[in-house]
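Below is one structure; the comments refer to it alone.
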Amino acid sequence: MASISVSVPHRLRWPLGYTAAAVLVFLAYYYMIPNLGPGGQTFFRNWLPLTSVNEALVWVICALGLNIVVGYAGLLDLGFVAFWAIGGYVAGWLMSGKFYDVNFNFFGGASGPGIHISFWLVLIVGGAFCALWGVIIGAPTLRLKSDYLALVTLGFGEIIPQVFLNGDDIGGFNLTNGALGITPVDPIAIGSTKLGPFDLVWKYLIFVGIAALVVFITLRLREGRLGRAWLAIREDELAASMMGVPLMRTKLAAYAVGAVAGGLGGVAFATHVNGVLPDRFNFSISITLLAMVVLGGMGNVWGVILGALVLAWINSTGLPQFGTSFNEQFGTNVNFPSYNFLLFGGILVLMMLFRREGILPESRTRLILKEPSRTDMESLHADMEEAAPELDEDLEAVIATDGAGEKA
């Protein structure tokens, strides 16, 4: 009997895998887990609650935006949390009763005083507003390079949350409600149905859809002219400039597109936690996002998704639950969640020592990191013109992959 084999194109394997995983998670939480016994439900409630899954998807959305700035264009950004905060406050302004003296409702999820606009429209507004601020912030800073750029972006990442924290009295106008934040925000409305705080499965589908949209945009941009310009700047800014790549305009485009993803993540996060609080947008979020990108593999969309899911789960559920189980088992009282940055730092150190390219590295990054330095080759008395066979194989794989993408 002849066997039938189905060949899936290489460029479709990861998208299909992402779709299949998303569908399986939905079916598990919608059909399987509610029908499990008490023991099974307790396990999933403790170790993999759907709230943590939804929050991890928000991290994925923002990490994909940072990957455009850091992984594609090679611009070190230590203040990406600013765009997350701006997106969140856009949701707070347009989906709540914050401005109670205004009575405007456009397919919103609630009624009464304030501005109540549909969640779907707020997503667009939040992304566009963050893109504008990406250009505003990037214009004076992207002329800098390396450590100087990192320091300036770090400064902006500290300034923006402080503005929101102290924005309850700007010339006598209460813009952000200060440390109290803006709560609650309107629920997500789908037609006449409004998603409540316990409709986590449907929120999961929405967050998966937003993440899939960001993935589609980043992949399409990477294969286009703009994406290749970003990669050229990342590899050699001087050579890219000599080849006619407009550096400033291209860098601003990376900052703006990355900021759009940050804005989408901020709006989604506001609906996830049902509010916007300034203490949730601290500097540690920018570092965690950068760790997700580096751990997963800078420049590789699927690697960044994996890194974001792993670190988000460890931070929100894995480490606290492990600490609870450990303390109950051995009768100790160790605060394991307080060691999260020690764990993340140790992971990054090990990755830099043994796998600098990340868990799922980009093909070009792997090729560059595998190339021996001139000093190493000279110490081995190697011929400088002779290519390494393993590099030839990697180079052929990169050319084949790029050629397949161009034909598609």
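Identifiers in this document derive from the order of the structure tokens: chains are assigned A, B, ..., residues are numbered from 1 separately in each chain, and ligands are numbered from 1 in order of occurrence.
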Can you list, as a compact mmCIF listing (two decimals) with N, CA and C atoms, in the first residue's frame, every protein, DNA or RNA residue that comes within 8 Å of Gly155 in chain A when you count only C-alpha atoms, leaving out same-chain residues fewer than 4 positions away?
```
# COMPACT_ATOMS: atom_id res chain seq x y z
N GLY A 79 13.78 51.57 26.66
CA GLY A 79 12.61 52.28 27.17
C GLY A 79 11.33 51.92 26.46
N LEU A 151 21.14 54.79 26.40
CA LEU A 151 20.95 55.67 27.56
C LEU A 151 19.80 56.64 27.33
N ILE A 159 10.87 58.70 31.76
CA ILE A 159 10.11 59.97 31.76
C ILE A 159 8.62 59.73 31.55
```
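Counting only C-alpha atoms, Tyr339 in chain A has the following residues at most 10 Å away, ignoring those fewer than 5 positions along the same chain: Asn315, Leu319, Val334, Phe344 and Gly345 of chain A.
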Export of prior selection with all heavy atoms as a PDB file, in the first residue's frame:
```pdb
ATOM      1  N   ASN A 315       7.596  34.201  35.131  1.00  0.00           N
ATOM      2  CA  ASN A 315       7.457  35.379  35.977  1.00  0.00           C
ATOM      3  C   ASN A 315       6.100  35.429  36.683  1.00  0.00           C
ATOM      4  O   ASN A 315       6.009  35.793  37.851  1.00  0.00           O
ATOM      5  CB  ASN A 315       7.649  36.641  35.132  1.00  0.00           C
ATOM      6  CG  ASN A 315       7.878  37.876  35.976  1.00  0.00           C
ATOM      7  OD1 ASN A 315       8.469  37.807  37.044  1.00  0.00           O
ATOM      8  ND2 ASN A 315       7.394  39.003  35.507  1.00  0.00           N
ATOM      9  N   LEU A 319       7.359  30.550  38.699  1.00  0.00           N
ATOM     10  CA  LEU A 319       8.195  30.766  39.881  1.00  0.00           C
ATOM     11  C   LEU A 319       7.366  30.843  41.165  1.00  0.00           C
ATOM     12  O   LEU A 319       7.723  30.205  42.169  1.00  0.00           O
ATOM     13  CB  LEU A 319       9.030  32.036  39.685  1.00  0.00           C
ATOM     14  CG  LEU A 319      10.329  32.147  40.486  1.00  0.00           C
ATOM     15  CD1 LEU A 319      11.220  30.943  40.210  1.00  0.00           C
ATOM     16  CD2 LEU A 319      11.049  33.438  40.128  1.00  0.00           C
ATOM     17  N   VAL A 334      10.762  30.558  51.715  1.00  0.00           N
ATOM     18  CA  VAL A 334      11.595  31.270  50.746  1.00  0.00           C
ATOM     19  C   VAL A 334      10.688  32.004  49.766  1.00  0.00           C
ATOM     20  O   VAL A 334       9.760  31.422  49.212  1.00  0.00           O
ATOM     21  CB  VAL A 334      12.517  30.290  49.992  1.00  0.00           C
ATOM     22  CG1 VAL A 334      13.402  31.048  49.014  1.00  0.00           C
ATOM     23  CG2 VAL A 334      13.359  29.496  50.972  1.00  0.00           C
ATOM     24  N   PHE A 344      16.509  35.371  35.690  1.00  0.00           N
ATOM     25  CA  PHE A 344      16.600  35.865  34.317  1.00  0.00           C
ATOM     26  C   PHE A 344      18.041  36.243  33.967  1.00  0.00           C
ATOM     27  O   PHE A 344      18.526  35.963  32.866  1.00  0.00           O
ATOM     28  CB  PHE A 344      15.691  37.081  34.132  1.00  0.00           C
ATOM     29  CG  PHE A 344      14.219  36.763  34.210  1.00  0.00           C
ATOM     30  CD1 PHE A 344      13.284  37.773  34.319  1.00  0.00           C
ATOM     31  CD2 PHE A 344      13.778  35.455  34.179  1.00  0.00           C
ATOM     32  CE1 PHE A 344      11.935  37.490  34.404  1.00  0.00           C
ATOM     33  CE2 PHE A 344      12.427  35.150  34.260  1.00  0.00           C
ATOM     34  CZ  PHE A 344      11.509  36.169  34.377  1.00  0.00           C
ATOM     35  N   GLY A 345      18.717  36.888  34.919  1.00  0.00           N
ATOM     36  CA  GLY A 345      20.108  37.265  34.663  1.00  0.00           C
ATOM     37  C   GLY A 345      20.994  36.056  34.469  1.00  0.00           C
ATOM     38  O   GLY A 345      21.851  36.030  33.577  1.00  0.00           O
TER      39      GLY A 345
END
```
Counting only C-alpha atoms, the residue of A:Phe216, A:Trp93, A:Tyr31, A:Tyr100 that sits nearest Leu64 in chain A: A:Phe216
As a ChimeraX atom specification, please: the residues near Leu66 in chain A (cut-off 10 Å, only C-alpha atoms, same-chain neighbours under 2 positions excluded). /A:60-64,68-72,75-81,254-255,257-259,261-262,286,289-290,292-293,298-299,304
Using only C-alpha atoms, which residue out of A:Leu121, A:Val214, A:Leu50, A:Val349 lies closest to Tyr30 in chain A? A:Leu50
What separation in Å, quoted to one decimal, exists between CA of Ile287 in chain A and CA of Gly263 in chain A? 17.6 Å
If you measure from CA of Tyr18 in chain A to CA of Arg220 in chain A, what distance in Å do you get, rounded to one decimal? 16.4 Å
